[in-house]
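Trainee: Structure: input-v3.txt, compact mmCIF, N, CA and C atoms.
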```txt
# COMPACT_ATOMS: atom_id res chain seq x y z
N MET J 1 -1.08 24.91 -13.49
CA MET J 1 -1.08 23.47 -13.65
C MET J 1 -0.94 22.81 -12.29
N GLU J 2 -1.53 21.66 -12.16
CA GLU J 2 -1.43 20.93 -10.91
C GLU J 2 -0.63 19.66 -11.14
N TYR J 3 0.10 19.27 -10.11
CA TYR J 3 0.94 18.09 -10.19
C TYR J 3 0.65 17.18 -9.00
N THR J 4 0.88 15.89 -9.20
CA THR J 4 0.71 14.96 -8.09
C THR J 4 1.78 15.24 -7.04
N ILE J 5 1.37 15.26 -5.80
CA ILE J 5 2.28 15.55 -4.69
C ILE J 5 2.08 14.47 -3.64
N PRO J 6 3.10 13.79 -3.16
CA PRO J 6 4.48 13.85 -3.63
C PRO J 6 4.61 13.20 -5.00
N PRO J 7 5.79 13.37 -5.64
CA PRO J 7 5.96 12.73 -6.94
C PRO J 7 5.87 11.22 -6.78
N TYR J 8 5.30 10.55 -7.75
CA TYR J 8 5.24 9.10 -7.72
C TYR J 8 6.65 8.54 -7.87
N VAL J 9 6.85 7.34 -7.38
CA VAL J 9 8.15 6.68 -7.51
C VAL J 9 7.96 5.27 -8.03
N GLY J 10 9.04 4.71 -8.57
CA GLY J 10 9.05 3.30 -8.89
C GLY J 10 8.82 2.94 -10.34
N ALA J 11 8.65 3.90 -11.25
CA ALA J 11 8.49 3.56 -12.65
C ALA J 11 9.82 3.07 -13.20
N PHE J 12 9.80 1.94 -13.89
CA PHE J 12 11.03 1.37 -14.42
C PHE J 12 11.36 1.89 -15.81
N SER J 13 10.51 2.76 -16.35
CA SER J 13 10.78 3.40 -17.63
C SER J 13 9.90 4.63 -17.75
N ALA J 14 10.25 5.50 -18.69
CA ALA J 14 9.41 6.67 -18.94
C ALA J 14 8.05 6.24 -19.48
N GLY J 15 8.02 5.17 -20.26
CA GLY J 15 6.75 4.66 -20.78
C GLY J 15 5.83 4.19 -19.67
N GLU J 16 6.38 3.50 -18.69
CA GLU J 16 5.58 3.05 -17.56
C GLU J 16 5.06 4.24 -16.76
N ALA J 17 5.91 5.25 -16.57
CA ALA J 17 5.49 6.46 -15.86
C ALA J 17 4.35 7.15 -16.62
N ARG J 18 4.48 7.27 -17.93
CA ARG J 18 3.45 7.89 -18.75
C ARG J 18 2.12 7.14 -18.62
N GLU J 19 2.18 5.80 -18.67
CA GLU J 19 0.96 4.98 -18.53
C GLU J 19 0.31 5.20 -17.17
N GLN J 20 1.11 5.26 -16.11
CA GLN J 20 0.55 5.49 -14.77
C GLN J 20 -0.13 6.86 -14.70
N CYS J 21 0.49 7.88 -15.29
CA CYS J 21 -0.12 9.21 -15.30
C CYS J 21 -1.45 9.19 -16.05
N GLN J 22 -1.50 8.48 -17.17
CA GLN J 22 -2.73 8.41 -17.95
C GLN J 22 -3.83 7.73 -17.15
N LYS J 23 -3.48 6.73 -16.34
CA LYS J 23 -4.47 6.07 -15.49
C LYS J 23 -5.06 7.05 -14.47
N GLU J 24 -4.29 8.05 -14.09
CA GLU J 24 -4.73 9.07 -13.13
C GLU J 24 -5.45 10.23 -13.83
N GLY J 25 -5.59 10.13 -15.15
CA GLY J 25 -6.26 11.19 -15.89
C GLY J 25 -5.33 12.33 -16.26
N GLY J 26 -4.02 12.07 -16.30
CA GLY J 26 -3.07 13.13 -16.59
C GLY J 26 -2.00 12.69 -17.57
N THR J 27 -0.89 13.42 -17.55
CA THR J 27 0.24 13.15 -18.41
C THR J 27 1.51 13.39 -17.60
N LEU J 28 2.64 12.94 -18.13
CA LEU J 28 3.91 13.35 -17.52
C LEU J 28 4.02 14.86 -17.60
N ALA J 29 4.67 15.46 -16.63
CA ALA J 29 4.70 16.91 -16.50
C ALA J 29 5.29 17.62 -17.71
N ARG J 30 4.63 18.71 -18.08
CA ARG J 30 5.08 19.63 -19.13
C ARG J 30 5.46 20.93 -18.43
N VAL J 31 6.63 21.44 -18.75
CA VAL J 31 7.15 22.64 -18.08
C VAL J 31 7.21 23.75 -19.13
N VAL J 32 6.38 24.78 -18.96
CA VAL J 32 6.30 25.81 -20.00
C VAL J 32 6.99 27.11 -19.63
N ASP J 33 7.43 27.24 -18.35
CA ASP J 33 8.11 28.47 -17.94
C ASP J 33 8.83 28.22 -16.61
N PHE J 34 9.54 29.26 -16.13
CA PHE J 34 10.28 29.11 -14.88
C PHE J 34 9.35 28.91 -13.68
N VAL J 35 8.13 29.41 -13.74
CA VAL J 35 7.17 29.20 -12.65
C VAL J 35 6.89 27.71 -12.49
N ASP J 36 6.58 27.04 -13.61
CA ASP J 36 6.35 25.59 -13.56
C ASP J 36 7.61 24.86 -13.10
N ASN J 37 8.76 25.25 -13.65
CA ASN J 37 10.02 24.60 -13.31
C ASN J 37 10.28 24.70 -11.81
N ASP J 38 10.10 25.90 -11.25
CA ASP J 38 10.33 26.10 -9.82
C ASP J 38 9.33 25.33 -8.96
N LYS J 39 8.09 25.23 -9.43
CA LYS J 39 7.07 24.48 -8.71
C LYS J 39 7.47 23.01 -8.60
N LEU J 40 7.91 22.44 -9.72
CA LEU J 40 8.34 21.04 -9.71
C LEU J 40 9.61 20.84 -8.90
N LEU J 41 10.54 21.78 -9.00
CA LEU J 41 11.77 21.68 -8.22
C LEU J 41 11.46 21.69 -6.73
N ASP J 42 10.55 22.55 -6.31
CA ASP J 42 10.15 22.61 -4.90
C ASP J 42 9.61 21.26 -4.43
N ILE J 43 8.77 20.64 -5.24
CA ILE J 43 8.22 19.32 -4.88
C ILE J 43 9.33 18.28 -4.82
N LEU J 44 10.21 18.30 -5.81
CA LEU J 44 11.33 17.35 -5.86
C LEU J 44 12.18 17.44 -4.59
N LEU J 45 12.53 18.65 -4.20
CA LEU J 45 13.37 18.85 -3.02
C LEU J 45 12.62 18.54 -1.72
N ARG J 46 11.37 18.95 -1.65
CA ARG J 46 10.58 18.74 -0.43
C ARG J 46 10.44 17.26 -0.11
N TYR J 47 10.33 16.42 -1.15
CA TYR J 47 10.16 14.98 -0.94
C TYR J 47 11.45 14.20 -1.15
N LYS J 48 12.57 14.93 -1.17
CA LYS J 48 13.91 14.34 -1.16
C LYS J 48 14.13 13.30 -2.27
N ARG J 49 13.72 13.66 -3.47
CA ARG J 49 14.00 12.83 -4.64
C ARG J 49 15.22 13.42 -5.33
N ASP J 50 16.08 12.58 -5.88
CA ASP J 50 17.29 13.10 -6.51
C ASP J 50 17.08 13.49 -7.97
N ARG J 51 15.99 13.03 -8.57
CA ARG J 51 15.64 13.38 -9.95
C ARG J 51 14.24 12.84 -10.24
N ALA J 52 13.63 13.37 -11.28
CA ALA J 52 12.29 12.90 -11.65
C ALA J 52 12.10 13.04 -13.16
N THR J 53 11.40 12.08 -13.73
CA THR J 53 11.12 12.06 -15.16
C THR J 53 10.13 13.17 -15.52
N LEU J 54 10.42 13.86 -16.61
CA LEU J 54 9.52 14.86 -17.19
C LEU J 54 8.89 14.31 -18.46
N GLY J 55 7.96 15.04 -19.03
CA GLY J 55 7.26 14.58 -20.23
C GLY J 55 7.87 15.01 -21.54
N ALA J 56 9.09 15.54 -21.55
CA ALA J 56 9.75 15.96 -22.79
C ALA J 56 10.40 14.76 -23.46
N VAL J 57 10.18 14.62 -24.76
CA VAL J 57 10.79 13.54 -25.54
C VAL J 57 11.43 14.09 -26.80
N ARG J 58 12.51 13.43 -27.21
CA ARG J 58 13.20 13.82 -28.43
C ARG J 58 12.40 13.31 -29.63
N VAL J 59 12.17 14.21 -30.58
CA VAL J 59 11.50 13.86 -31.83
C VAL J 59 12.38 14.40 -32.94
N GLY J 60 13.06 13.50 -33.63
CA GLY J 60 14.02 13.92 -34.64
C GLY J 60 15.15 14.68 -33.99
N GLU J 61 15.41 15.89 -34.43
CA GLU J 61 16.48 16.72 -33.86
C GLU J 61 15.99 17.61 -32.72
N GLY J 62 14.69 17.67 -32.50
CA GLY J 62 14.15 18.57 -31.48
C GLY J 62 13.48 17.83 -30.34
N TRP J 63 12.81 18.59 -29.49
CA TRP J 63 12.12 18.06 -28.32
C TRP J 63 10.69 18.56 -28.32
N GLU J 64 9.78 17.75 -27.78
CA GLU J 64 8.40 18.17 -27.61
C GLU J 64 7.81 17.51 -26.38
N TRP J 65 6.69 18.04 -25.94
CA TRP J 65 6.00 17.50 -24.76
C TRP J 65 5.03 16.42 -25.22
N GLN J 66 5.00 15.30 -24.50
CA GLN J 66 4.13 14.18 -24.85
C GLN J 66 2.78 14.31 -24.18
N ASP J 67 2.11 15.42 -24.34
CA ASP J 67 0.81 15.58 -23.68
C ASP J 67 -0.30 15.94 -24.66
N ASN J 68 -0.06 15.70 -25.92
CA ASN J 68 -1.04 15.93 -26.97
C ASN J 68 -1.41 17.39 -27.17
N HIS J 69 -0.61 18.31 -26.67
CA HIS J 69 -0.82 19.73 -26.96
C HIS J 69 0.00 20.07 -28.20
N ASP J 70 -0.55 20.86 -29.05
CA ASP J 70 0.18 21.28 -30.24
C ASP J 70 0.92 22.57 -30.00
N GLU J 71 1.15 22.87 -28.74
CA GLU J 71 1.82 24.11 -28.37
C GLU J 71 3.29 24.07 -28.77
N GLU J 72 3.77 25.18 -29.30
CA GLU J 72 5.16 25.30 -29.70
C GLU J 72 6.07 25.21 -28.48
N TRP J 73 7.22 24.54 -28.66
CA TRP J 73 8.22 24.41 -27.60
C TRP J 73 8.90 25.77 -27.42
N LYS J 74 8.66 26.42 -26.29
CA LYS J 74 9.21 27.77 -26.09
C LYS J 74 10.16 27.87 -24.91
N PHE J 75 10.18 26.90 -24.03
CA PHE J 75 10.96 26.99 -22.81
C PHE J 75 11.73 25.70 -22.59
N ASP J 76 12.96 25.83 -22.12
CA ASP J 76 13.70 24.66 -21.64
C ASP J 76 14.66 25.12 -20.55
N ASN J 77 15.15 24.16 -19.81
CA ASN J 77 16.10 24.47 -18.74
C ASN J 77 17.17 23.38 -18.69
N TRP J 78 17.72 23.06 -19.86
CA TRP J 78 18.76 22.03 -19.94
C TRP J 78 20.00 22.46 -19.16
N ALA J 79 20.61 21.51 -18.48
CA ALA J 79 21.89 21.76 -17.82
C ALA J 79 22.93 22.04 -18.91
N VAL J 80 24.02 22.68 -18.51
CA VAL J 80 25.10 22.98 -19.45
C VAL J 80 25.56 21.66 -20.10
N GLY J 81 25.64 21.68 -21.41
CA GLY J 81 26.07 20.49 -22.15
C GLY J 81 24.96 19.51 -22.46
N GLN J 82 23.75 19.77 -21.99
CA GLN J 82 22.61 18.89 -22.23
C GLN J 82 21.67 19.53 -23.24
N PRO J 83 20.93 18.78 -23.96
CA PRO J 83 21.02 17.32 -24.10
C PRO J 83 22.30 16.93 -24.84
N ASP J 84 22.88 15.81 -24.43
CA ASP J 84 24.19 15.45 -24.95
C ASP J 84 24.27 14.12 -25.69
N ASN J 85 23.17 13.41 -25.81
CA ASN J 85 23.24 12.10 -26.45
C ASN J 85 22.00 11.92 -27.32
N LYS J 86 22.19 11.86 -28.61
CA LYS J 86 21.04 11.74 -29.52
C LYS J 86 20.28 10.44 -29.33
N LEU J 87 20.88 9.46 -28.66
CA LEU J 87 20.17 8.21 -28.39
C LEU J 87 19.27 8.32 -27.17
N ASP J 88 19.51 9.30 -26.30
CA ASP J 88 18.66 9.52 -25.13
C ASP J 88 17.43 10.31 -25.58
N ARG J 89 16.26 9.69 -25.48
CA ARG J 89 15.06 10.28 -26.05
C ARG J 89 14.07 10.78 -25.00
N CYS J 90 14.39 10.63 -23.72
CA CYS J 90 13.50 11.09 -22.65
C CYS J 90 14.24 12.09 -21.77
N SER J 91 13.56 12.60 -20.75
CA SER J 91 14.14 13.70 -19.97
C SER J 91 13.83 13.56 -18.48
N GLU J 92 14.68 14.21 -17.69
CA GLU J 92 14.50 14.23 -16.25
C GLU J 92 14.91 15.59 -15.72
N MET J 93 14.45 15.90 -14.50
CA MET J 93 14.86 17.10 -13.78
C MET J 93 15.78 16.68 -12.64
N TRP J 94 16.87 17.43 -12.48
CA TRP J 94 17.79 17.22 -11.37
C TRP J 94 17.43 18.13 -10.21
N THR J 95 18.10 17.94 -9.07
CA THR J 95 17.84 18.77 -7.89
C THR J 95 18.33 20.21 -8.04
N THR J 96 18.95 20.53 -9.15
CA THR J 96 19.31 21.91 -9.46
C THR J 96 18.18 22.61 -10.21
N GLY J 97 17.18 21.84 -10.63
CA GLY J 97 16.11 22.37 -11.46
C GLY J 97 16.44 22.28 -12.94
N GLU J 98 17.66 21.83 -13.24
CA GLU J 98 18.07 21.69 -14.63
C GLU J 98 17.64 20.33 -15.17
N TRP J 99 17.59 20.24 -16.48
CA TRP J 99 17.14 19.03 -17.14
C TRP J 99 18.31 18.28 -17.77
N ASN J 100 18.09 16.97 -17.93
CA ASN J 100 19.07 16.07 -18.51
C ASN J 100 18.33 15.12 -19.45
N ASP J 101 18.96 14.76 -20.57
CA ASP J 101 18.37 13.74 -21.42
C ASP J 101 18.80 12.36 -20.92
N ILE J 102 17.88 11.40 -21.00
CA ILE J 102 18.10 10.06 -20.46
C ILE J 102 17.54 9.01 -21.41
N PRO J 103 18.05 7.78 -21.33
CA PRO J 103 17.41 6.69 -22.08
C PRO J 103 16.01 6.46 -21.53
N CYS J 104 15.06 6.22 -22.38
CA CYS J 104 13.67 6.06 -21.93
C CYS J 104 13.47 4.83 -21.05
N GLY J 105 14.37 3.86 -21.11
CA GLY J 105 14.23 2.65 -20.31
C GLY J 105 14.88 2.73 -18.94
N ASP J 106 15.52 3.86 -18.62
CA ASP J 106 16.18 3.98 -17.32
C ASP J 106 15.15 4.04 -16.19
N GLY J 107 15.46 3.37 -15.11
CA GLY J 107 14.60 3.41 -13.94
C GLY J 107 15.18 2.50 -12.89
N PRO J 108 14.58 2.39 -11.73
CA PRO J 108 13.38 3.14 -11.35
C PRO J 108 13.72 4.58 -10.97
N ARG J 109 12.77 5.45 -11.13
CA ARG J 109 12.94 6.84 -10.73
C ARG J 109 11.58 7.45 -10.44
N ALA J 110 11.63 8.59 -9.78
CA ALA J 110 10.40 9.32 -9.50
C ALA J 110 9.90 9.98 -10.78
N TYR J 111 8.63 10.35 -10.79
CA TYR J 111 8.07 11.06 -11.93
C TYR J 111 6.91 11.93 -11.48
N PHE J 112 6.71 13.02 -12.23
CA PHE J 112 5.64 13.96 -11.95
C PHE J 112 4.50 13.73 -12.93
N CYS J 113 3.29 13.61 -12.41
CA CYS J 113 2.11 13.60 -13.27
C CYS J 113 1.47 14.97 -13.20
N GLN J 114 1.08 15.47 -14.33
CA GLN J 114 0.37 16.73 -14.43
C GLN J 114 -1.10 16.38 -14.61
N VAL J 115 -1.95 16.92 -13.77
CA VAL J 115 -3.36 16.60 -13.82
C VAL J 115 -4.19 17.87 -13.90
N THR J 116 -5.37 17.75 -14.44
CA THR J 116 -6.27 18.89 -14.48
C THR J 116 -7.01 18.99 -13.17
N GLY J 117 -7.60 20.12 -12.91
CA GLY J 117 -8.33 20.34 -11.66
C GLY J 117 -9.50 19.40 -11.47
N ASP J 118 -10.05 18.85 -12.56
CA ASP J 118 -11.20 17.95 -12.43
C ASP J 118 -10.80 16.48 -12.49
N SER J 119 -9.52 16.18 -12.43
CA SER J 119 -9.05 14.79 -12.46
C SER J 119 -9.40 14.09 -11.16
N ASP J 120 -9.51 12.76 -11.22
CA ASP J 120 -9.76 11.97 -10.02
C ASP J 120 -8.50 11.72 -9.21
N ALA J 121 -7.36 12.12 -9.72
CA ALA J 121 -6.09 11.88 -9.01
C ALA J 121 -6.10 12.61 -7.68
N GLU J 122 -5.62 11.94 -6.65
CA GLU J 122 -5.50 12.57 -5.35
C GLU J 122 -4.18 13.30 -5.33
N LYS J 123 -4.23 14.61 -5.54
CA LYS J 123 -3.02 15.37 -5.77
C LYS J 123 -2.17 15.58 -4.53
N THR J 124 -2.66 15.24 -3.36
CA THR J 124 -1.86 15.47 -2.17
C THR J 124 -1.74 14.24 -1.27
N SER J 125 -2.11 13.08 -1.75
CA SER J 125 -2.12 11.90 -0.91
C SER J 125 -0.79 11.14 -0.96
N PRO J 126 -0.06 11.08 0.17
CA PRO J 126 1.18 10.31 0.17
C PRO J 126 0.92 8.82 0.02
N ASP J 127 -0.32 8.35 0.21
CA ASP J 127 -0.63 6.94 0.06
C ASP J 127 -0.48 6.46 -1.38
N ARG J 128 -0.36 7.37 -2.33
CA ARG J 128 -0.32 7.01 -3.73
C ARG J 128 1.11 6.80 -4.22
N THR J 129 2.09 6.84 -3.32
CA THR J 129 3.47 6.57 -3.72
C THR J 129 3.86 5.19 -3.26
N LEU J 130 4.87 4.65 -3.88
CA LEU J 130 5.37 3.32 -3.49
C LEU J 130 6.61 3.44 -2.67
```
Mind turning this structure into structure tokens?

Mentor:
Amino acid sequence: MEYTIPPYVGAFSAGEAREQCQKEGGTLARVVDFVDNDKLLDILLRYKRDRATLGAVRVGEGWEWQDNHDEEWKFDNWAVGQPDNKLDRCSEMWTTGEWNDIPCGDGPRAYFCQVTGDSDAEKTSPDRTL
């Protein structure tokens, strides 16, 4: 999977971040294994962001990725005690690589867009951050 580098910044909500990713031909990042998790953590640390929004959302009692894949949820990296608030319906990654549940309206914060190889998104252009 490819991600926008550096992570975008300035979304005032997870919904706004999702809309921006869709404009780039992608979605908020989906993390399916430790390889993806480590890739995003490396980007987060390299660009000195303290956290970034992921594409995981709470649906009922469980979590799923908001990228229109019907893939079963098989991987997570929640921090100890997380998710801890049933009212927090969105997710973020911390600088430990662990995840935290957050209110969807929290912001501003950085976010990762996941794009396909044929997307028009400039995956390495720092000019695309605010």

Trainee: From the list J:Asp84, J:Glu24, J:Asp50, J:Glu92, which residue is nearest Thr116 (chain J) when using only N, CA and C atoms?

Mentor: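 Distance minimum relative to Thr116 (chain J) lands on J:Glu24.
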
Trainee: Write out as a ChimeraX atom specification each polymer residue whose atoms come within 12 Å of Arg49 (chain J), counting only C-alpha atoms; drop sequence neighbours fewer than 6 positions from it.

Mentor: /J:6-10,40-43,92-97,108-112

Trainee: For those residues, write N, CA and C atoms to a file as a compact mmCIF listing (two decimals), in the coordinates of the input.

Mentor:
```
# COMPACT_ATOMS: atom_id res chain seq x y z
N PRO J 6 3.10 13.79 -3.16
CA PRO J 6 4.48 13.85 -3.63
C PRO J 6 4.61 13.20 -5.00
N PRO J 7 5.79 13.37 -5.64
CA PRO J 7 5.96 12.73 -6.94
C PRO J 7 5.87 11.22 -6.78
N TYR J 8 5.30 10.55 -7.75
CA TYR J 8 5.24 9.10 -7.72
C TYR J 8 6.65 8.54 -7.87
N VAL J 9 6.85 7.34 -7.38
CA VAL J 9 8.15 6.68 -7.51
C VAL J 9 7.96 5.27 -8.03
N GLY J 10 9.04 4.71 -8.57
CA GLY J 10 9.05 3.30 -8.89
C GLY J 10 8.82 2.94 -10.34
N LEU J 40 7.91 22.44 -9.72
CA LEU J 40 8.34 21.04 -9.71
C LEU J 40 9.61 20.84 -8.90
N LEU J 41 10.54 21.78 -9.00
CA LEU J 41 11.77 21.68 -8.22
C LEU J 41 11.46 21.69 -6.73
N ASP J 42 10.55 22.55 -6.31
CA ASP J 42 10.15 22.61 -4.90
C ASP J 42 9.61 21.26 -4.43
N ILE J 43 8.77 20.64 -5.24
CA ILE J 43 8.22 19.32 -4.88
C ILE J 43 9.33 18.28 -4.82
N GLU J 92 14.68 14.21 -17.69
CA GLU J 92 14.50 14.23 -16.25
C GLU J 92 14.91 15.59 -15.72
N MET J 93 14.45 15.90 -14.50
CA MET J 93 14.86 17.10 -13.78
C MET J 93 15.78 16.68 -12.64
N TRP J 94 16.87 17.43 -12.48
CA TRP J 94 17.79 17.22 -11.37
C TRP J 94 17.43 18.13 -10.21
N THR J 95 18.10 17.94 -9.07
CA THR J 95 17.84 18.77 -7.89
C THR J 95 18.33 20.21 -8.04
N THR J 96 18.95 20.53 -9.15
CA THR J 96 19.31 21.91 -9.46
C THR J 96 18.18 22.61 -10.21
N GLY J 97 17.18 21.84 -10.63
CA GLY J 97 16.11 22.37 -11.46
C GLY J 97 16.44 22.28 -12.94
N PRO J 108 14.58 2.39 -11.73
CA PRO J 108 13.38 3.14 -11.35
C PRO J 108 13.72 4.58 -10.97
N ARG J 109 12.77 5.45 -11.13
CA ARG J 109 12.94 6.84 -10.73
C ARG J 109 11.58 7.45 -10.44
N ALA J 110 11.63 8.59 -9.78
CA ALA J 110 10.40 9.32 -9.50
C ALA J 110 9.90 9.98 -10.78
N TYR J 111 8.63 10.35 -10.79
CA TYR J 111 8.07 11.06 -11.93
C TYR J 111 6.91 11.93 -11.48
N PHE J 112 6.71 13.02 -12.23
CA PHE J 112 5.64 13.96 -11.95
C PHE J 112 4.50 13.73 -12.93
```

Trainee: Pick out the closest residue to Phe75 (chain J) from this set: J:Cys21, J:Leu44, J:Ala14, J:Val31. Count only C-alpha atoms.

Mentor: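 Under the stated criterion, the closest residue is J:Val31.
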
Trainee: Using Å and a single decimal, report how far atom C of Ala79 (chain J) sits from atom N of Glu98 (chain J).

Mentor: 7.7 Å

Trainee: Using only C-alpha atoms for the distances, tell me which of J:Glu72, J:Asp106, J:Glu19, J:Asp67 is nearest to Thr53 (chain J).

Mentor: J:Asp106

Trainee: May I ask for the distance between atom N of Gly26 (chain J) and CA of Lys86 (chain J), given in Å to one decimal place?

Mentor: 28.3 Å

Trainee: Using the file's own x, y and z axes, what box holds all listed atoms of region 25-28 of chain J with 3 Å on each side, keeping edges along x, y and z, and what are its centre and edge lengths in Å to one decimal, as lines of an AutoDock Vina configuration file?

Mentor:
```
center_x = -1.1
center_y = 12.5
center_z = -16.8
size_x = 16.3
size_y = 10.7
size_z = 9.3
```

Trainee: Please measure the separation of atom N of Pro83 (chain J) and CA of Trp99 (chain J), giving the value in Å to one decimal.

Mentor: 7.8 Å

Trainee: As a ChimeraX atom specification, please: all residues of chain J that backbone DSSP puts in strand (DSSP E or B).

Mentor: /J:2-3,8-11,26-28,51-54,56-59,62-65,78,90-94,99-102,109-111,113-115

Trainee: Out of J:Cys104, J:Val35, J:Lys23, J:Ala29, which residue has the shortest atom-to-atom distance to Tyr3 (chain J) when counting only N, CA and C atoms?

Mentor: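 Among the listed residues, the smallest separation from Tyr3 (chain J) belongs to J:Ala29.
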
Trainee: So, counting only N, CA and C atoms, which residue among J:Gly105, J:Cys113, J:Ser13, J:Leu87 is closest to Gly25 (chain J)?

Mentor: J:Cys113

Trainee: Under the rule that only N, CA and C atoms are counted, which of J:Thr27, J:Val32, J:Asp76, J:Ile5 is the nearest residue to Val115 (chain J)?

Mentor: J:Thr27

Trainee: Which residues are close to Gly55 (chain J), i.e. within 5 Å by all atoms listed in the file, leaving aside same-chain residues fewer than 4 positions away? Reply as a PDB file with N, CA and C atoms, in the frame of the given file.

Mentor:
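Generated output (result_25.pdb):
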```
ATOM      1  N   LEU J  28       2.640  12.940 -18.130  1.00  0.00           N
ATOM      2  CA  LEU J  28       3.910  13.350 -17.520  1.00  0.00           C
ATOM      3  C   LEU J  28       4.020  14.860 -17.600  1.00  0.00           C
ATOM      4  N   ALA J  29       4.670  15.460 -16.630  1.00  0.00           N
ATOM      5  CA  ALA J  29       4.700  16.910 -16.500  1.00  0.00           C
ATOM      6  C   ALA J  29       5.290  17.620 -17.710  1.00  0.00           C
ATOM      7  N   TRP J  65       6.690  18.040 -25.940  1.00  0.00           N
ATOM      8  CA  TRP J  65       6.000  17.500 -24.760  1.00  0.00           C
ATOM      9  C   TRP J  65       5.030  16.420 -25.220  1.00  0.00           C
ATOM     10  N   GLN J  66       5.000  15.300 -24.500  1.00  0.00           N
ATOM     11  CA  GLN J  66       4.130  14.180 -24.850  1.00  0.00           C
ATOM     12  C   GLN J  66       2.780  14.310 -24.180  1.00  0.00           C
TER      13      GLN J  66
END
```
